[in-house]
Every structure is written in structure tokens, then in C-alpha cells.
Amino acid sequence: MITENRLTAYINSLDQGDGELIEQIAETAVKNRVPIIRRETAALLKTMVTLVSPARILEVGTAVGYSALLMASVMPENCRITTIEKYEKRIPEAKENIRKIEIYLGDQQ
């Protein structure tokens, strides 16, 4: 976990946002006390996916789909994400969020 305040402030200053829909999903998750990654970790995750340019991503514990959507926003076109969630009550929300972003990304092309 990043705890140095100046480092956190610097990382946050580099963040250009994740788009209205992904940020709305994050706000809803926080409001509903659903665990999602912190902003600094999200920035690092997006950077790693961009640098590594993977062909496949496996996410364990999708919750509401926030991290998967972050990765999808920067992954290469031929990349595939497989994400799993064992808490059945969260699966419908994750599916709905991922469906929304697929429509959103599709409209951007």
C-alpha cells in the first residue's frame, strides 16, 4: 500500500480520470461499501496493463467489475479479460456494469 503522502499526491496528480461511467461505478461501490482498489492502485494497474500489453488477463474477485473495466479501458484490442466472482449477490451488478461499458466503448470506435 502506498502511504507516503507526497507520493500519493504525485500519483493522483497524474490521473486524468477514468471516464464518467467508470467513476460513477466507483462512487456507487464506495457508497455501498463494496471493496474496490484505491485510486493510486488503479493508476498503477492501468499503467501496468499499458506497459505489458497482455493478450489475456485473469481477475479473481470482480466485485462490481470496477478493476476489470479499468483494465479494459487501456488493454490492447486483442486482449481478453476473464473475471470471476464467488459472492453471488454481486454478480448481477458486475454483469450490468460490464455490459454498460461494452456499449460505451463500442460507441467510441
# chains A, B, ... in the order shown; residues from 1 in each chain; ligands from 1
call {"tool": "residues_around", "arguments": {"residues": "Arg56 in chain A", "least_positions_apart": "4", "cutoff": "6 Å", "atoms": "only C-alpha atoms", "output": "CSV table (one decimal) with all heavy atoms, in the first residue's frame"}}
result
chain,number,residue,atom,x,y,z
A,79,CYS,N,-6.7,-8.3,-26.5
A,79,CYS,CA,-6.7,-8.8,-25.2
A,79,CYS,C,-8.1,-9.3,-24.7
A,79,CYS,O,-9.1,-8.7,-25.1
A,79,CYS,CB,-6.2,-7.7,-24.2
A,79,CYS,SG,-6.0,-8.3,-22.5
A,80,ARG,N,-8.1,-10.3,-23.9
A,80,ARG,CA,-9.3,-10.8,-23.3
A,80,ARG,C,-9.2,-10.8,-21.8
A,80,ARG,O,-8.1,-11.2,-21.2
A,80,ARG,CB,-9.6,-12.2,-23.8
A,80,ARG,CG,-9.9,-12.3,-25.3
A,80,ARG,CD,-10.2,-13.7,-25.7
A,80,ARG,NE,-11.3,-14.3,-24.9
A,80,ARG,CZ,-12.6,-14.4,-25.3
A,80,ARG,NH1,-12.9,-14.1,-26.5
A,80,ARG,NH2,-13.5,-15.0,-24.5
A,81,ILE,N,-10.2,-10.4,-21.1
A,81,ILE,CA,-10.3,-10.5,-19.6
A,81,ILE,C,-11.2,-11.6,-19.2
A,81,ILE,O,-12.4,-11.6,-19.7
A,81,ILE,CB,-10.7,-9.1,-19.0
A,81,ILE,CG1,-9.7,-8.0,-19.3
A,81,ILE,CG2,-10.9,-9.3,-17.5
A,81,ILE,CD1,-10.2,-6.7,-18.8
call {"tool": "residues_around", "arguments": {"residues": "Pro54 in chain A", "least_positions_apart": "3", "cutoff": "9 Å", "atoms": "only C-alpha atoms", "output": "PyMOL selection string"}}
result
chain A and resi 49-51+57+75-76+78-80
call {"tool": "write_last_selection", "arguments": {"atoms": "C-alpha atoms", "output": "PDB file, in the first residue's frame"}}
result
ATOM      1  CA  VAL A  49      -1.613  -3.115 -18.421  1.00  0.00           C
ATOM      2  CA  THR A  50      -0.493  -0.392 -20.817  1.00  0.00           C
ATOM      3  CA  LEU A  51       3.199  -1.283 -20.452  1.00  0.00           C
ATOM      4  CA  ILE A  57      -5.906 -11.060 -18.056  1.00  0.00           C
ATOM      5  CA  MET A  75      -5.804  -3.034 -22.729  1.00  0.00           C
ATOM      6  CA  PRO A  76      -4.792  -3.892 -26.278  1.00  0.00           C
ATOM      7  CA  ASN A  78      -6.823  -8.328 -28.961  1.00  0.00           C
ATOM      8  CA  CYS A  79      -6.688  -8.807 -25.164  1.00  0.00           C
ATOM      9  CA  ARG A  80      -9.315 -10.822 -23.284  1.00  0.00           C
TER      10      ARG A  80
END
call {"tool": "closest_residue", "arguments": {"among": "A:Leu70, A:Ala63, A:Ile91, A:Leu7", "to": "Asn32 in chain A", "atoms": "only C-alpha atoms"}}
result
A:Ala63
call {"tool": "atom_distance", "arguments": {"atom1": "CA of Val52 in chain A", "atom2": "CA of Lys100 in chain A"}}
result
25.9 Å
call {"tool": "select_by_dssp", "arguments": {"residues": "range 45-93 of chain A", "states": "helix (DSSP H, G or I)", "output": "PyMOL selection string"}}
result
chain A and resi 45-52+66-72+91-93
call {"tool": "write_last_selection", "arguments": {"atoms": "all heavy atoms", "output": "CSV table (one decimal), in the first residue's frame"}}
result
chain,number,residue,atom,x,y,z
A,45,LEU,N,-2.4,0.0,-11.9
A,45,LEU,CA,-2.9,-1.1,-12.6
A,45,LEU,C,-3.0,-0.8,-14.1
A,45,LEU,O,-2.6,-1.5,-15.0
A,45,LEU,CB,-4.3,-1.6,-12.1
A,45,LEU,CG,-5.0,-2.7,-12.7
A,45,LEU,CD1,-4.1,-4.0,-12.6
A,45,LEU,CD2,-6.3,-3.0,-12.1
A,46,LYS,N,-3.6,0.4,-14.4
A,46,LYS,CA,-3.7,0.9,-15.8
A,46,LYS,C,-2.3,1.0,-16.4
A,46,LYS,O,-2.2,0.7,-17.6
A,46,LYS,CB,-4.5,2.2,-15.8
A,46,LYS,CG,-5.9,2.0,-15.5
A,46,LYS,CD,-6.8,3.3,-15.7
A,46,LYS,CE,-6.1,4.6,-15.4
A,46,LYS,NZ,-7.0,5.7,-15.6
A,47,THR,N,-1.4,1.5,-15.7
A,47,THR,CA,0.0,1.7,-16.2
A,47,THR,C,0.6,0.3,-16.6
A,47,THR,O,1.2,0.2,-17.6
A,47,THR,CB,0.9,2.5,-15.2
A,47,THR,OG1,0.3,3.7,-15.0
A,47,THR,CG2,2.3,2.6,-15.7
A,48,MET,N,0.4,-0.6,-15.6
A,48,MET,CA,1.0,-2.0,-15.9
A,48,MET,C,0.4,-2.6,-17.1
A,48,MET,O,1.1,-3.2,-17.9
A,48,MET,CB,0.7,-2.9,-14.6
A,48,MET,CG,1.5,-2.4,-13.4
A,48,MET,SD,3.2,-2.7,-13.5
A,48,MET,CE,3.3,-4.4,-13.4
A,49,VAL,N,-1.0,-2.5,-17.3
A,49,VAL,CA,-1.6,-3.1,-18.4
A,49,VAL,C,-1.1,-2.4,-19.7
A,49,VAL,O,-0.9,-3.1,-20.7
A,49,VAL,CB,-3.2,-3.0,-18.3
A,49,VAL,CG1,-3.8,-3.4,-19.6
A,49,VAL,CG2,-3.6,-3.9,-17.1
A,50,THR,N,-1.0,-1.1,-19.6
A,50,THR,CA,-0.5,-0.4,-20.8
A,50,THR,C,0.9,-0.8,-21.2
A,50,THR,O,1.2,-1.1,-22.4
A,50,THR,CB,-0.5,1.1,-20.6
A,50,THR,OG1,-1.9,1.5,-20.3
A,50,THR,CG2,0.0,1.9,-21.8
A,51,LEU,N,1.8,-0.9,-20.2
A,51,LEU,CA,3.2,-1.3,-20.5
A,51,LEU,C,3.4,-2.7,-20.9
A,51,LEU,O,4.1,-3.0,-21.8
A,51,LEU,CB,4.1,-1.0,-19.2
A,51,LEU,CG,4.3,0.4,-18.8
A,51,LEU,CD1,5.0,0.5,-17.5
A,51,LEU,CD2,5.0,1.2,-19.9
A,52,VAL,N,2.7,-3.7,-20.2
A,52,VAL,CA,2.9,-5.1,-20.5
A,52,VAL,C,2.1,-5.5,-21.8
A,52,VAL,O,2.6,-6.4,-22.5
A,52,VAL,CB,2.4,-5.9,-19.3
A,52,VAL,CG1,2.4,-7.4,-19.6
A,52,VAL,CG2,3.3,-5.6,-18.1
A,66,TYR,N,-15.3,-3.1,-11.3
A,66,TYR,CA,-14.5,-1.8,-11.4
A,66,TYR,C,-13.1,-2.0,-12.0
A,66,TYR,O,-12.7,-1.4,-13.0
A,66,TYR,CB,-14.5,-1.1,-10.1
A,66,TYR,CG,-13.6,0.1,-10.0
A,66,TYR,CD1,-14.0,1.2,-10.6
A,66,TYR,CD2,-12.4,0.1,-9.3
A,66,TYR,CE1,-13.2,2.4,-10.6
A,66,TYR,CE2,-11.6,1.2,-9.2
A,66,TYR,CZ,-12.0,2.3,-9.9
A,66,TYR,OH,-11.2,3.4,-9.8
A,67,SER,N,-12.4,-2.9,-11.4
A,67,SER,CA,-11.0,-3.2,-11.9
A,67,SER,C,-10.9,-3.7,-13.3
A,67,SER,O,-10.1,-3.3,-14.1
A,67,SER,CB,-10.2,-4.1,-10.9
A,67,SER,OG,-10.1,-3.6,-9.6
A,68,ALA,N,-11.9,-4.6,-13.6
A,68,ALA,CA,-11.9,-5.2,-15.0
A,68,ALA,C,-12.2,-4.1,-16.0
A,68,ALA,O,-11.6,-4.0,-17.1
A,68,ALA,CB,-13.0,-6.2,-15.1
A,69,LEU,N,-13.0,-3.1,-15.6
A,69,LEU,CA,-13.4,-2.0,-16.5
A,69,LEU,C,-12.2,-1.1,-16.7
A,69,LEU,O,-11.9,-0.6,-17.8
A,69,LEU,CB,-14.6,-1.3,-16.0
A,69,LEU,CG,-15.9,-2.1,-16.0
A,69,LEU,CD1,-17.0,-1.4,-15.3
A,69,LEU,CD2,-16.2,-2.6,-17.4
A,70,LEU,N,-11.4,-0.9,-15.6
A,70,LEU,CA,-10.2,0.0,-15.7
A,70,LEU,C,-9.2,-0.7,-16.7
A,70,LEU,O,-8.7,0.0,-17.5
A,70,LEU,CB,-9.6,0.1,-14.3
A,70,LEU,CG,-10.2,1.0,-13.3
A,70,LEU,CD1,-9.5,0.9,-12.0
A,70,LEU,CD2,-10.1,2.5,-13.8
A,71,MET,N,-9.0,-2.0,-16.5
A,71,MET,CA,-8.1,-2.7,-17.4
A,71,MET,C,-8.6,-2.6,-18.8
A,71,MET,O,-7.8,-2.4,-19.7
A,71,MET,CB,-7.8,-4.1,-16.9
A,71,MET,CG,-7.1,-4.1,-15.6
A,71,MET,SD,-6.7,-5.8,-15.0
A,71,MET,CE,-8.3,-6.4,-14.4
A,72,ALA,N,-9.9,-2.8,-19.0
A,72,ALA,CA,-10.4,-2.8,-20.3
A,72,ALA,C,-10.2,-1.5,-21.0
A,72,ALA,O,-10.1,-1.4,-22.3
A,72,ALA,CB,-11.9,-3.2,-20.3
A,91,ILE,N,-22.7,-10.6,-8.5
A,91,ILE,CA,-22.5,-11.0,-9.9
A,91,ILE,C,-23.5,-10.2,-10.9
A,91,ILE,O,-23.0,-9.7,-11.9
A,91,ILE,CB,-22.7,-12.5,-10.1
A,91,ILE,CG1,-21.5,-13.2,-9.4
A,91,ILE,CG2,-22.7,-12.9,-11.6
A,91,ILE,CD1,-21.6,-14.7,-9.3
A,92,PRO,N,-24.8,-10.0,-10.5
A,92,PRO,CA,-25.6,-9.3,-11.4
A,92,PRO,C,-25.2,-7.8,-11.7
A,92,PRO,O,-25.2,-7.3,-12.8
A,92,PRO,CB,-27.0,-9.3,-10.8
A,92,PRO,CG,-27.0,-10.5,-9.9
A,92,PRO,CD,-25.5,-10.6,-9.4
A,93,GLU,N,-24.7,-7.2,-10.6
A,93,GLU,CA,-24.3,-5.8,-10.8
A,93,GLU,C,-23.0,-5.7,-11.6
A,93,GLU,O,-22.9,-4.8,-12.5
A,93,GLU,CB,-24.0,-5.1,-9.4
A,93,GLU,CG,-23.6,-3.7,-9.5
A,93,GLU,CD,-23.5,-3.0,-8.2
A,93,GLU,OE1,-23.7,-3.6,-7.1
A,93,GLU,OE2,-23.2,-1.8,-8.2
call {"tool": "select_by_dssp", "arguments": {"residues": "range 26-107 of chain A", "states": "strand (DSSP E or B)", "output": "ChimeraX atom specification"}}
result
/A:56-60,80-84
call {"tool": "write_last_selection", "arguments": {"atoms": "C-alpha atoms", "output": "JSON list (two decimals), in the first residue's frame"}}
result
[["chain", "number", "residue", "atom", "x", "y", "z"],
["A", 56, "ARG", "CA", -5.01, -12.31, -21.53],
["A", 57, "ILE", "CA", -5.91, -11.06, -18.06],
["A", 58, "LEU", "CA", -7.32, -13.15, -15.21],
["A", 59, "GLU", "CA", -9.03, -11.19, -12.46],
["A", 60, "VAL", "CA", -10.03, -13.05, -9.29],
["A", 80, "ARG", "CA", -9.32, -10.82, -23.28],
["A", 81, "ILE", "CA", -10.26, -10.46, -19.62],
["A", 82, "THR", "CA", -11.60, -13.39, -17.64],
["A", 83, "THR", "CA", -13.01, -12.30, -14.32],
["A", 84, "ILE", "CA", -14.60, -14.37, -11.56]]
call {"tool": "closest_residue", "arguments": {"among": "A:Leu21, A:Val30, A:Ala55, A:Ile11", "to": "Ala42 in chain A", "atoms": "only C-alpha atoms"}}
result
A:Ile11
call {"tool": "residues_around", "arguments": {"residues": "Thr28 in chain A", "least_positions_apart": "6", "cutoff": "12 Å", "atoms": "only C-alpha atoms", "output": "PyMOL selection string"}}
result
chain A and resi 21-22+34-36+64-66+93+97
call {"tool": "atom_distance", "arguments": {"atom1": "CA of Gln24 in chain A", "atom2": "CA of Glu40 in chain A"}}
result
17.2 Å
call {"tool": "closest_residue", "arguments": {"among": "A:Arg39, A:Lys95, A:Ser53, A:Asn5", "to": "Asp18 in chain A", "atoms": "only C-alpha atoms"}}
result
A:Arg39
call {"tool": "closest_residue", "arguments": {"among": "A:Glu96, A:Ala43, A:Lys86, A:Val74", "to": "Tyr10 in chain A", "atoms": "only C-alpha atoms"}}
result
A:Ala43
call {"tool": "atom_distance", "arguments": {"atom1": "CA of Gly17 in chain A", "atom2": "CA of Glu77 in chain A"}}
result
20.5 Å
